[in-house]
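Have a look at data.txt below; it lists compact mmCIF, C-alpha atoms.
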```txt
# COMPACT_ATOMS: atom_id res chain seq x y z
CA MET A 1 0.00 0.00 0.00
CA ASN A 2 1.36 3.37 -1.02
CA LEU A 3 0.41 5.65 1.83
CA SER A 4 2.61 8.40 3.19
CA ASP A 5 1.85 10.42 6.26
CA PRO A 6 1.60 14.11 5.32
CA ASN A 7 2.40 15.00 8.91
CA ALA A 8 5.80 13.35 8.41
CA ALA A 9 6.68 15.60 5.44
CA PRO A 10 10.19 17.04 5.70
CA ARG A 11 11.08 20.33 7.32
CA ILE A 12 13.39 22.61 5.34
CA GLU A 13 15.00 25.68 6.87
CA THR A 14 16.19 28.69 4.91
CA LYS A 15 17.59 31.98 6.19
CA HIS A 16 14.22 33.52 7.05
CA LEU A 17 11.74 30.69 6.52
CA VAL A 18 10.72 27.17 7.40
CA LEU A 19 9.05 24.90 4.86
CA ARG A 20 7.11 22.34 6.91
CA PRO A 21 4.12 19.98 7.02
CA TRP A 22 0.68 21.56 7.18
CA ARG A 23 -1.06 21.87 10.54
CA ALA A 24 -4.76 22.27 11.30
CA ASP A 25 -4.05 25.73 12.74
CA ASP A 26 -2.70 26.94 9.38
CA PHE A 27 -6.31 27.13 8.29
CA GLU A 28 -7.15 30.65 9.52
CA PRO A 29 -4.19 32.41 7.88
CA PHE A 30 -4.56 30.21 4.77
CA ALA A 31 -8.28 31.07 4.48
CA ALA A 32 -7.43 34.77 4.95
CA MET A 33 -4.85 34.54 2.16
CA MET A 34 -7.32 32.87 -0.21
CA ALA A 35 -10.03 35.42 0.64
CA ASP A 36 -7.73 38.20 -0.60
CA ALA A 37 -8.81 39.18 -4.11
CA GLU A 38 -5.25 40.14 -5.07
CA VAL A 39 -3.94 36.69 -4.14
CA ALA A 40 -6.91 34.78 -5.56
CA ARG A 41 -6.74 36.66 -8.85
CA PHE A 42 -4.12 34.35 -10.35
CA LEU A 43 -4.82 31.22 -8.32
CA THR A 44 -8.48 30.30 -8.39
CA VAL A 45 -10.95 29.35 -11.06
CA ALA A 46 -12.84 32.48 -12.17
CA GLN A 47 -10.15 34.53 -10.36
CA ARG A 48 -12.46 34.91 -7.37
CA PRO A 49 -11.59 34.90 -3.67
CA GLU A 50 -12.31 31.58 -1.96
CA ASP A 51 -14.88 31.22 0.80
CA ARG A 52 -13.84 29.40 3.97
CA ALA A 53 -15.37 26.07 2.98
CA ALA A 54 -13.52 26.07 -0.35
CA ALA A 55 -10.29 27.10 1.38
CA TRP A 56 -10.57 24.17 3.78
CA ARG A 57 -11.12 21.73 0.94
CA GLU A 58 -8.14 23.15 -0.89
CA MET A 59 -5.95 22.83 2.19
CA ALA A 60 -7.16 19.24 2.64
CA LEU A 61 -6.32 18.64 -1.03
CA PHE A 62 -2.77 19.95 -0.50
CA VAL A 63 -2.35 17.68 2.51
CA GLY A 64 -3.92 14.71 0.74
CA HIS A 65 -1.55 15.23 -2.20
CA TRP A 66 1.29 14.32 0.18
CA ALA A 67 -0.57 11.19 1.28
CA LEU A 68 -1.18 9.99 -2.27
CA ARG A 69 2.02 11.12 -4.00
CA GLY A 70 4.56 11.23 -1.20
CA TYR A 71 5.42 14.83 -2.04
CA GLY A 72 3.50 18.07 -2.26
CA LEU A 73 3.20 21.69 -1.23
CA PHE A 74 4.72 22.77 2.08
CA ALA A 75 3.27 25.30 4.44
CA VAL A 76 5.74 28.19 4.74
CA GLU A 77 6.40 29.84 8.07
CA GLU A 78 8.34 33.01 8.80
CA LYS A 79 11.02 32.12 11.35
CA ALA A 80 11.02 35.45 13.16
CA SER A 81 7.27 35.55 13.82
CA GLY A 82 6.25 31.90 13.50
CA ALA A 83 3.49 33.12 11.18
CA PHE A 84 2.12 31.07 8.28
CA ILE A 85 2.89 33.14 5.19
CA GLY A 86 2.13 30.92 2.20
CA ARG A 87 2.74 27.65 0.43
CA VAL A 88 5.41 26.32 -1.90
CA GLY A 89 6.49 22.98 -3.30
CA ALA A 90 5.78 20.20 -5.75
CA TRP A 91 2.32 19.89 -7.23
CA GLN A 92 1.03 17.28 -9.62
CA PRO A 93 -2.63 16.39 -9.20
CA GLU A 94 -4.20 14.01 -11.73
CA GLY A 95 -4.15 15.45 -15.25
CA TRP A 96 -1.70 18.29 -14.47
CA VAL A 97 0.70 19.50 -17.18
CA GLY A 98 3.75 18.16 -15.36
CA LEU A 99 5.51 18.26 -12.04
CA GLU A 100 4.91 21.83 -10.99
CA LEU A 101 7.06 23.97 -8.76
CA GLY A 102 4.30 26.11 -7.28
CA TRP A 103 4.12 29.04 -4.88
CA ALA A 104 1.65 31.48 -3.34
CA PHE A 105 2.11 33.94 -0.50
CA ALA A 106 -0.13 36.18 1.58
CA ARG A 107 0.00 39.74 0.30
CA GLN A 108 1.45 41.28 3.47
CA HIS A 109 4.54 39.14 2.91
CA TRP A 110 5.13 40.11 -0.70
CA GLY A 111 8.15 42.16 -1.72
CA ARG A 112 10.65 40.77 0.78
CA GLY A 113 12.23 38.08 -1.35
CA TYR A 114 10.47 35.35 0.62
CA ALA A 115 8.88 33.78 -2.46
CA PHE A 116 12.27 33.38 -4.14
CA GLU A 117 13.86 32.08 -0.95
CA ALA A 118 11.10 29.52 -0.49
CA ALA A 119 10.77 28.51 -4.16
CA HIS A 120 14.52 28.10 -4.49
CA ALA A 121 14.67 25.85 -1.44
CA ALA A 122 11.66 23.88 -2.71
CA GLY A 123 13.25 23.51 -6.17
CA ALA A 124 16.47 22.22 -4.63
CA TRP A 125 14.44 19.73 -2.61
CA VAL A 126 12.47 18.60 -5.69
CA PHE A 127 15.60 17.91 -7.75
CA ALA A 128 17.35 16.24 -4.82
CA THR A 129 14.37 14.04 -3.94
CA LEU A 130 12.25 13.31 -7.02
CA PRO A 131 13.42 11.52 -10.16
CA CYS A 132 12.18 14.21 -12.56
CA ASP A 133 13.94 15.62 -15.63
CA ARG A 134 12.32 19.02 -15.29
CA VAL A 135 9.84 21.10 -13.37
CA VAL A 136 7.18 23.39 -14.77
CA SER A 137 5.24 26.36 -13.43
CA LEU A 138 1.84 27.30 -14.74
CA ILE A 139 1.63 31.09 -14.56
CA HIS A 140 -1.24 33.33 -15.59
CA ASN A 141 -0.44 35.51 -18.55
CA ASP A 142 -0.92 38.72 -16.53
CA ASN A 143 0.88 37.57 -13.40
CA ALA A 144 4.00 39.71 -13.73
CA ARG A 145 5.23 39.04 -10.19
CA SER A 146 5.30 35.30 -10.65
CA GLN A 147 6.80 35.66 -14.11
CA ARG A 148 9.69 37.63 -12.59
CA LEU A 149 10.15 34.98 -9.94
CA ALA A 150 10.19 32.22 -12.56
CA GLU A 151 12.85 34.13 -14.49
CA ARG A 152 14.89 34.58 -11.35
CA LEU A 153 14.72 30.83 -10.76
CA GLY A 154 16.10 30.30 -14.27
CA MET A 155 12.86 29.06 -15.81
CA ARG A 156 12.05 29.59 -19.47
CA ARG A 157 8.64 30.43 -20.87
CA SER A 158 7.54 27.66 -23.23
CA ALA A 159 4.04 26.76 -24.32
CA LEU A 160 0.95 28.88 -23.89
CA THR A 161 -1.97 26.90 -22.55
CA LEU A 162 -5.54 27.43 -21.45
CA HIS A 163 -6.01 26.64 -17.77
CA ALA A 164 -9.37 27.14 -16.04
CA GLY A 165 -10.41 28.97 -19.20
CA MET A 166 -7.60 31.52 -18.88
CA PRO A 167 -4.34 31.95 -20.74
CA HIS A 168 -1.35 30.60 -18.82
CA ASP A 169 2.26 30.17 -19.79
CA ILE A 170 4.03 26.95 -18.98
CA TRP A 171 7.44 27.90 -17.63
CA GLU A 172 9.97 25.12 -17.43
CA LEU A 173 13.32 24.33 -16.03
CA ALA A 174 15.42 21.27 -16.87
CA ARG A 175 17.32 19.49 -14.13
CA ALA A 176 20.59 20.28 -15.94
CA ASP A 177 19.81 24.01 -15.77
CA TRP A 178 18.95 24.13 -12.08
CA ARG A 179 21.27 26.07 -9.84
CA MET B 1 -0.25 5.84 8.83
CA ILE B 2 -2.92 8.51 8.76
CA GLY B 3 -5.74 6.37 10.16
CA PRO B 4 -6.81 2.92 11.31
CA ILE B 5 -7.58 -0.25 9.40
CA LEU B 6 -10.95 -1.73 10.34
CA THR B 7 -12.18 -5.15 9.34
CA THR B 8 -15.71 -6.51 9.21
CA ALA B 9 -17.01 -9.89 8.10
CA ARG B 10 -16.58 -9.03 4.43
CA LEU B 11 -14.80 -5.67 4.29
CA ILE B 12 -11.61 -3.77 5.02
CA LEU B 13 -11.89 -0.05 5.78
CA ARG B 14 -8.73 2.09 5.66
CA PRO B 15 -7.78 5.64 4.67
CA PRO B 16 -7.65 6.25 0.90
CA ALA B 17 -4.39 5.39 -0.85
CA HIS B 18 -3.03 6.05 -4.31
CA GLU B 19 -3.87 2.54 -5.53
CA ASP B 20 -7.59 3.23 -4.96
CA PHE B 21 -7.74 5.89 -7.64
CA ASP B 22 -9.12 3.81 -10.50
CA GLY B 23 -12.00 2.79 -8.24
CA PHE B 24 -12.72 6.37 -7.22
CA ALA B 25 -12.51 7.53 -10.84
CA GLU B 26 -14.81 4.78 -12.09
CA MET B 27 -17.42 5.44 -9.41
CA ALA B 28 -17.27 9.17 -10.18
CA THR B 29 -18.54 8.44 -13.71
CA GLU B 30 -21.60 6.46 -12.54
CA GLU B 31 -24.60 8.69 -12.92
CA GLU B 32 -26.91 6.63 -10.69
CA THR B 33 -24.29 6.33 -7.93
CA MET B 34 -23.27 9.99 -7.97
CA ARG B 35 -26.69 11.54 -8.52
CA PHE B 36 -27.22 12.54 -4.90
CA ILE B 37 -23.62 12.74 -3.72
CA GLY B 38 -22.16 15.57 -5.75
CA GLY B 39 -22.80 14.41 -9.30
CA VAL B 40 -20.53 12.76 -11.84
CA ALA B 41 -16.99 14.06 -12.13
CA PRO B 42 -14.06 13.64 -14.51
CA ARG B 43 -10.85 11.88 -13.45
CA ASP B 44 -9.02 15.00 -12.33
CA ALA B 45 -11.89 16.06 -10.06
CA ALA B 46 -12.23 12.50 -8.73
CA TRP B 47 -8.53 12.59 -7.80
CA ARG B 48 -8.99 15.87 -5.96
CA GLY B 49 -11.99 14.51 -4.10
CA MET B 50 -10.06 11.44 -3.05
CA ALA B 51 -7.04 13.55 -2.02
CA SER B 52 -9.29 15.74 0.13
CA LEU B 53 -10.48 12.64 1.99
CA ALA B 54 -6.87 11.65 2.67
CA GLY B 55 -6.10 15.24 3.69
CA SER B 56 -8.99 15.21 6.13
CA TRP B 57 -7.48 12.17 7.83
CA ALA B 58 -4.14 13.93 8.26
CA LEU B 59 -5.60 17.27 9.38
CA LEU B 60 -8.49 16.15 11.58
CA GLY B 61 -7.69 12.55 12.46
CA TYR B 62 -10.71 11.31 10.56
CA GLY B 63 -12.11 11.24 7.05
CA MET B 64 -13.85 8.76 4.85
CA PHE B 65 -12.37 5.27 4.54
CA SER B 66 -11.74 3.43 1.33
CA VAL B 67 -13.77 0.23 1.48
CA LEU B 68 -12.35 -2.98 0.01
CA ARG B 69 -13.72 -6.49 -0.21
CA ARG B 70 -11.72 -8.86 1.97
CA ASP B 71 -12.05 -11.77 -0.44
CA THR B 72 -10.91 -10.03 -3.64
CA GLY B 73 -9.23 -6.82 -2.42
CA GLU B 74 -11.44 -4.89 -4.80
CA TRP B 75 -12.18 -1.23 -3.94
CA ILE B 76 -15.94 -0.84 -3.73
CA GLY B 77 -16.56 2.60 -2.27
CA ARG B 78 -15.90 5.16 0.43
CA ILE B 79 -17.62 5.27 3.79
CA GLY B 80 -16.91 7.07 7.01
CA PRO B 81 -16.69 10.08 9.27
CA TRP B 82 -16.81 13.37 7.43
CA ARG B 83 -16.94 16.95 8.61
CA PRO B 84 -15.05 19.27 6.25
CA GLY B 85 -13.59 22.14 8.26
CA GLY B 86 -13.92 20.22 11.52
CA LYS B 87 -15.94 21.61 14.42
CA GLU B 88 -15.43 25.19 13.23
CA GLY B 89 -16.52 24.39 9.69
CA ALA B 90 -19.96 24.98 8.18
CA TRP B 91 -20.92 21.30 7.86
CA PRO B 92 -24.20 20.64 9.71
CA GLY B 93 -22.73 18.08 12.12
CA ASP B 94 -20.59 15.00 12.62
CA GLU B 95 -21.47 12.85 9.63
CA VAL B 96 -20.90 9.25 8.72
CA GLY B 97 -21.57 9.06 5.00
CA TRP B 98 -21.43 6.33 2.41
CA GLY B 99 -21.12 5.74 -1.31
CA VAL B 100 -20.68 2.36 -2.99
CA LYS B 101 -20.03 1.79 -6.68
CA ALA B 102 -22.79 0.34 -8.80
CA SER B 103 -21.37 -3.15 -9.21
CA ALA B 104 -21.20 -3.56 -5.42
CA ALA B 105 -24.57 -1.99 -4.59
CA GLY B 106 -27.47 -3.96 -3.13
CA GLN B 107 -25.35 -6.49 -1.23
CA GLY B 108 -25.40 -4.94 2.22
CA TYR B 109 -21.86 -3.59 1.95
CA ALA B 110 -22.85 -0.01 2.75
CA ALA B 111 -24.69 -1.12 5.90
CA GLU B 112 -21.75 -3.28 6.97
CA GLY B 113 -19.19 -0.54 6.35
CA ALA B 114 -21.29 2.23 7.88
CA THR B 115 -21.86 0.18 11.02
CA ALA B 116 -18.11 -0.29 11.49
CA ALA B 117 -17.46 3.39 10.76
CA ILE B 118 -20.11 4.59 13.23
CA ASP B 119 -18.75 2.24 15.90
CA TRP B 120 -15.25 3.60 15.31
CA ALA B 121 -16.37 7.24 15.29
CA PHE B 122 -18.25 6.93 18.59
CA ASP B 123 -15.37 5.02 20.21
CA HIS B 124 -12.51 7.23 19.00
CA LEU B 125 -13.69 10.71 18.04
CA GLY B 126 -15.63 11.78 21.11
CA TRP B 127 -18.79 12.28 19.08
CA ASP B 128 -22.08 12.09 20.97
CA HIS B 129 -24.26 12.21 17.88
CA VAL B 130 -23.97 11.18 14.24
CA ILE B 131 -25.75 12.54 11.18
CA HIS B 132 -26.19 11.51 7.56
CA CYS B 133 -26.91 14.22 4.96
CA ILE B 134 -29.35 12.70 2.47
CA ASP B 135 -31.25 14.04 -0.50
CA LYS B 136 -35.02 13.61 -0.12
CA LYS B 137 -35.17 11.61 -3.35
CA ASN B 138 -32.34 9.23 -2.40
CA ALA B 139 -34.55 6.34 -1.32
CA PRO B 140 -31.80 3.68 -0.92
CA SER B 141 -29.78 5.92 1.41
CA ILE B 142 -32.83 6.85 3.45
CA ALA B 143 -33.62 3.14 3.81
CA LEU B 144 -30.06 2.51 5.00
CA ALA B 145 -30.16 5.38 7.51
CA LEU B 146 -33.38 3.99 8.97
CA ARG B 147 -31.92 0.49 9.03
CA LEU B 148 -28.97 1.88 11.00
CA GLY B 149 -31.46 3.25 13.52
CA SER B 150 -31.24 6.90 12.50
CA GLN B 151 -34.31 9.11 12.21
CA CYS B 152 -35.01 12.20 10.16
CA GLU B 153 -34.09 15.08 12.48
CA ARG B 154 -34.14 18.14 10.20
CA GLU B 155 -35.46 18.74 6.72
CA ASP B 156 -34.29 20.98 3.89
CA VAL B 157 -30.91 21.93 5.32
CA VAL B 158 -28.71 23.99 3.01
CA LEU B 159 -25.23 22.48 2.80
CA ALA B 160 -21.97 24.40 2.99
CA PRO B 161 -20.28 25.43 -0.27
CA PRO B 162 -19.65 24.00 -2.80
CA PHE B 163 -22.97 22.20 -2.26
CA GLU B 164 -25.02 25.26 -1.28
CA MET B 165 -27.37 24.60 -4.21
CA HIS B 166 -28.40 21.32 -2.61
CA LYS B 167 -30.81 20.82 0.25
CA VAL B 168 -30.59 17.67 2.29
CA ASP B 169 -32.51 16.05 5.10
CA LEU B 170 -30.48 15.25 8.18
CA TYR B 171 -30.90 11.76 9.55
CA GLY B 172 -29.17 10.95 12.80
CA GLN B 173 -29.03 9.40 16.22
CA SER B 174 -27.27 9.81 19.54
CA LYS B 175 -24.31 7.78 20.69
CA ALA B 176 -26.46 6.46 23.56
CA ALA B 177 -29.11 5.17 21.16
CA TRP B 178 -26.45 3.57 18.94
CA LYS B 179 -24.70 1.92 21.87
CA ALA B 180 -27.96 0.64 23.31
CA ARG B 181 -28.70 -1.09 20.03
CA HIS B 182 -25.24 -2.34 19.19
CA SER B 183 -23.50 -3.33 22.40
CA SER B 184 -23.90 -7.00 23.06
```
Step by step, read the file and then write its structure as structure tokens.
Amino acid sequence: MNLSDPNAAPRIETKHLVLRPWRADDFEPFAAMMADAEVARFLTVAQRPEDRAAAWREMALFVGHWALRGYGLFAVEEKASGAFIGRVGAWQPEGWVGLELGWAFARQHWGRGYAFEAAHAAGAWVFATLPCDRVVSLIHNDNARSQRLAERLGMRRSALTLHAGMPHDIWELARADWR
Amino acid sequence: MIGPILTTARLILRPPAHEDFDGFAEMATEEETMRFIGGVAPRDAAWRGMASLAGSWALLGYGMFSVLRRDTGEWIGRIGPWRPGGKEGAWPGDEVGWGVKASAAGQGYAAEGATAAIDWAFDHLGWDHVIHCIDKKNAPSIALALRLGSQCEREDVVLAPPFEMHKVDLYGQSKAAWKARHSS
């Protein structure tokens, strides 16, 4: 039986952050993040903020992804405050375009380099742990912030695709190009 | 391990695992089976639904079980404790729900699995009451709820999103009533 325990997901420390397993008490800050129209704009179907019930199901989906795949998205915590600030990691639900390196952060934590710090640590973990040739990131056409982050990570824009009815670029990065 | 393994005369109940996916995906396409439990869904949505059940186990310590036949190992459905969001969520109570794929329906599996799940929930989750959210037109599920000893307690309850378009009747019973009937 292939069954991992999401609560036993690894813990990765960076200079300012901890990437760690999800906890039930991440729900309030996660729901607040997903209720923010600016955050939801490039993350949710119809670009709408999520209500609490949808946010809980999404969080359960992230956690369940670990159980079914053995890898997934980490909760990200700011070391100095202990606050939950976002999520980052490997994402490949059924039917996805590839193994995605994904990220999302609460708006009050934007602009401090945290997303790069977390995504870089998650990328290093992905290539060290998973037998993949490349990672992809699915980024909305208008999401300039995430496009800049993808560039900074060394990703290249490849195919344009329609995701949730909206134009997204598939950014990709081969294992050989990771640094 | 994110949850227990329960056995009954004919069934194994355990948290969902990756190998169950084809079963989940097949059941999700069965119109009759899914009619009152969220509707049919494509494979990607079925995967997400299954992952959410596994995530519930890890976050809350309970969630629906995958149900397998002991004799063949075949996945036949998902049954068990379900309360998305936990106590603070918008779900109308502590539910034990069930869904069995068409080829396994009508053989008493849902009753057998639900009985084991209710026993486990009362013994391990501190629940003092259990509910089942059932569509008024879902006659087989109503019959099963009554067979389990539950009664209709509230009608026309609006469910939490994403099911806010659906009204259900709440069937249920207390732990005391369940124990009085089932302790031997």
Nearest to chain A: which of B:Arg48, B:His166, B:Arg70, B:Arg10 is it, counting only C-alpha atoms?
->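 Closest to chain A, using only C-alpha atoms: B:Arg48.
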If we count only C-alpha atoms, which residues of chain A reach to within 9 Å of chain B? Please list them as a PyMOL selection string.
chain A and resi 1-7+22-24+27+51-54+56-69+93-96
Keeping C-alpha atoms for every residue in the selection just given, could you write it to a file as a PDB file, keeping the file's coordinate frame?
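Okay, this is what ended up in result-v7.pdb:
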```pdb
ATOM      1  CA  MET A   1       0.000   0.000   0.000  1.00  0.00           C
ATOM      2  CA  ASN A   2       1.360   3.370  -1.020  1.00  0.00           C
ATOM      3  CA  LEU A   3       0.410   5.650   1.830  1.00  0.00           C
ATOM      4  CA  SER A   4       2.610   8.400   3.190  1.00  0.00           C
ATOM      5  CA  ASP A   5       1.850  10.420   6.260  1.00  0.00           C
ATOM      6  CA  PRO A   6       1.600  14.110   5.320  1.00  0.00           C
ATOM      7  CA  ASN A   7       2.400  15.000   8.910  1.00  0.00           C
ATOM      8  CA  TRP A  22       0.680  21.560   7.180  1.00  0.00           C
ATOM      9  CA  ARG A  23      -1.060  21.870  10.540  1.00  0.00           C
ATOM     10  CA  ALA A  24      -4.760  22.270  11.300  1.00  0.00           C
ATOM     11  CA  PHE A  27      -6.310  27.130   8.290  1.00  0.00           C
ATOM     12  CA  ASP A  51     -14.880  31.220   0.800  1.00  0.00           C
ATOM     13  CA  ARG A  52     -13.840  29.400   3.970  1.00  0.00           C
ATOM     14  CA  ALA A  53     -15.370  26.070   2.980  1.00  0.00           C
ATOM     15  CA  ALA A  54     -13.520  26.070  -0.350  1.00  0.00           C
ATOM     16  CA  TRP A  56     -10.570  24.170   3.780  1.00  0.00           C
ATOM     17  CA  ARG A  57     -11.120  21.730   0.940  1.00  0.00           C
ATOM     18  CA  GLU A  58      -8.140  23.150  -0.890  1.00  0.00           C
ATOM     19  CA  MET A  59      -5.950  22.830   2.190  1.00  0.00           C
ATOM     20  CA  ALA A  60      -7.160  19.240   2.640  1.00  0.00           C
ATOM     21  CA  LEU A  61      -6.320  18.640  -1.030  1.00  0.00           C
ATOM     22  CA  PHE A  62      -2.770  19.950  -0.500  1.00  0.00           C
ATOM     23  CA  VAL A  63      -2.350  17.680   2.510  1.00  0.00           C
ATOM     24  CA  GLY A  64      -3.920  14.710   0.740  1.00  0.00           C
ATOM     25  CA  HIS A  65      -1.550  15.230  -2.200  1.00  0.00           C
ATOM     26  CA  TRP A  66       1.290  14.320   0.180  1.00  0.00           C
ATOM     27  CA  ALA A  67      -0.570  11.190   1.280  1.00  0.00           C
ATOM     28  CA  LEU A  68      -1.180   9.990  -2.270  1.00  0.00           C
ATOM     29  CA  ARG A  69       2.020  11.120  -4.000  1.00  0.00           C
ATOM     30  CA  PRO A  93      -2.630  16.390  -9.200  1.00  0.00           C
ATOM     31  CA  GLU A  94      -4.200  14.010 -11.730  1.00  0.00           C
ATOM     32  CA  GLY A  95      -4.150  15.450 -15.250  1.00  0.00           C
ATOM     33  CA  TRP A  96      -1.700  18.290 -14.470  1.00  0.00           C
TER      34      TRP A  96
END
```
In Å and to one decimal, atom CA of Leu6 of chain B is distant from atom CA of Ala116 of chain B by 7.4 Å
Fill in: Point-to-point distance from atom CA of Ile118 of chain B to atom CA of Thr72 of chain B, Å rounded to tenths
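Taking atom CA of Ile118 of chain B as the start and atom CA of Thr72 of chain B as the end point, the length is 24.1 Å.
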Please provide the set of residues having any atom within 7 Å of Val18 of chain A, restricted to all atoms listed in the file, with same-chain residues fewer than 5 positions apart removed, written as a compact mmCIF listing (two decimals) with C-alpha atoms, in the frame of the given file.
```
# COMPACT_ATOMS: atom_id res chain seq x y z
CA ARG A 11 11.08 20.33 7.32
CA ILE A 12 13.39 22.61 5.34
CA GLU A 13 15.00 25.68 6.87
CA VAL A 76 5.74 28.19 4.74
CA GLU A 77 6.40 29.84 8.07
CA GLU A 78 8.34 33.01 8.80
CA LYS A 79 11.02 32.12 11.35
```
So the first atom is atom CA of Ala164 of chain A and the second is atom CA of Asp36 of chain A; what is the distance between them in Å, to one decimal place?
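Going from atom CA of Ala164 of chain A over to atom CA of Asp36 of chain A, I get 19.1 Å.
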Residue with the minimum atom-to-atom distance to Ala128 of chain A, picked from A:Lys15, A:Glu100, A:Gln47, A:Arg179 with all atoms listed in the file counted, is A:Arg179
Residue contacts of Ser158 of chain A (8 Å, all atoms listed in the file) excluding same-chain residues fewer than 2 positions away, as a PyMOL selection string: chain A and resi 156+160+169-172
